[in-house]
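Contents: one structure, followed by commentary.
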Amino acid sequence: MDSSLGQQKETTYGFSEVPDPVQFTPAELGELERRYGVHGSQTRLAQLFTSGIDQLQPLRTITLGRISELQPLIRAESERQKVNPLLVAAVLFDEMRHAKPGEDLPIAAHSGLFSTHGPAQLGLGELVHQGLLKPNATEQEISKARDQLLDRDKNVKLLIGKFARLSGELNFPRHRMLQASSSPRDAKALATLAYLHNGKLDYPRRILRAMQDPELHAVIYGVKQSPVSHLI
């Protein structure tokens, strides 16, 4: 992948085709870092901590319930913007479980102590990217923008808009939803979108794994489905 990434045709997306979609070549990593400031993986200790949280069954159950409440919005907005709703749900599933205590209290959000907010853990920068906040916004405008990030439904819509925006910038298909089970290219594209959301190299594998979670499938589609992709 090189600086002409955004000019690639849909048949390649500018990425190499490899059996494991979460494996990026050095050139791909360098280009993504140059354009988006992504990083390597979390430290091993941080990964172990993350894995430990993932094993907490009560937290998992509560989070699935929260996503269930958002299901109509996720399905409708994802369909409108041609974004895979399972990608959206998987990111929410991960971000909600690893949210810091108290970070979404209005007083904490407006203190500037935290840089990301809401169920999708989005920052003010995404509002700027989507043209919803001026780069030179006043303090009053920034305060209102943080309120938007704290609004659950608006936050989810912004996440879907972020994936649509990134897909356009990277010349991924915009006339249809990416499907990990349909081709290695789609799986790689979904992994890339996950990577760009979080910025950590170990994140895409977690998200693509969550996209195959039968319970998450049931929440989004109303029926339990067995994982069908051999790509992950």
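Ordered as shown in the structure tokens, chains take letters A, B, and onward, while each chain numbers its residues from 1 and ligands are numbered from 1 in the order shown.
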Run DSSP on the backbone and grab whatever in range 112-178 of chain A lands in alpha helix (DSSP H); send it over as number ranges by chain. A: 124-129, 139-150, 152-169
Could you name the residues that touch range 146-163 of chain A at 7 Å or less, counting only C-alpha atoms, but leaving out those on the same chain fewer than 5 positions away, as number ranges by chain? A: 77-78, 83, 88, 104, 117-120, 122, 193
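CA of His98 in chain A to CA of Ser115 in chain A spans 14.8 Å [interatomic distance, one decimal].
When only C-alpha atoms are used to measure the gap to Leu170 in chain A, the shortest distance among A:Leu208, A:Ala90, A:Val38, A:Ala189 belongs to A:Ala189.
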Residue nearest Ala218 in chain A among A:Leu86, A:Leu32, A:Ala99, A:Val22 (counting only C-alpha atoms): A:Leu86
The residue from A:Ala27, A:Ile67, A:Ser143, A:Gly40 with the smallest atom-to-atom distance to Glu215 in chain A, counting only C-alpha atoms, is A:Ile67
Top pick for closest residue to Leu178 in chain A, considering A:Glu95, A:Glu69, A:Glu103, A:Glu79 and counting only C-alpha atoms: A:Glu79
Contacts of Lys144 in chain A at 12 Å (only C-alpha atoms; same-chain gap of 5+ positions) as a short mmCIF file (atom, residue, chain, number, x, y, z; two decimals) with C-alpha atoms, in the first residue's frame:
data_model
loop_
_atom_site.label_atom_id
_atom_site.label_comp_id
_atom_site.auth_asym_id
_atom_site.auth_seq_id
_atom_site.Cartn_x
_atom_site.Cartn_y
_atom_site.Cartn_z
CA PRO A 106 -21.39 15.37 32.21
CA ALA A 109 -16.80 15.06 30.24
CA HIS A 110 -16.84 18.85 30.40
CA LEU A 124 -14.33 16.03 19.24
CA LEU A 127 -17.27 15.92 14.80
CA LEU A 132 -20.34 19.17 12.66
CA LEU A 133 -17.80 21.27 14.56
CA ALA A 137 -14.75 26.31 17.60
CA THR A 138 -15.49 28.50 20.61
CA GLU A 139 -15.64 27.08 24.14
CA LEU A 149 -20.99 12.92 22.13
CA LEU A 150 -22.69 12.13 25.44
CA ASP A 151 -26.03 11.61 23.69
#
Find the residue from A:Gly102, A:Leu29, A:Arg165, A:Leu92 that sits nearest to Val128 in chain A; use only C-alpha atoms when measuring. A:Arg165
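When CA of Phe93 in chain A is paired with CA of Asp186 in chain A, their separation reads 21.0 Å.
Comparing the minimum interatomic distances between Ser181 in chain A and each of A:Pro21, A:Arg60, A:Leu73, A:Lys134, counting only C-alpha atoms, we find that A:Pro21 sits nearest.
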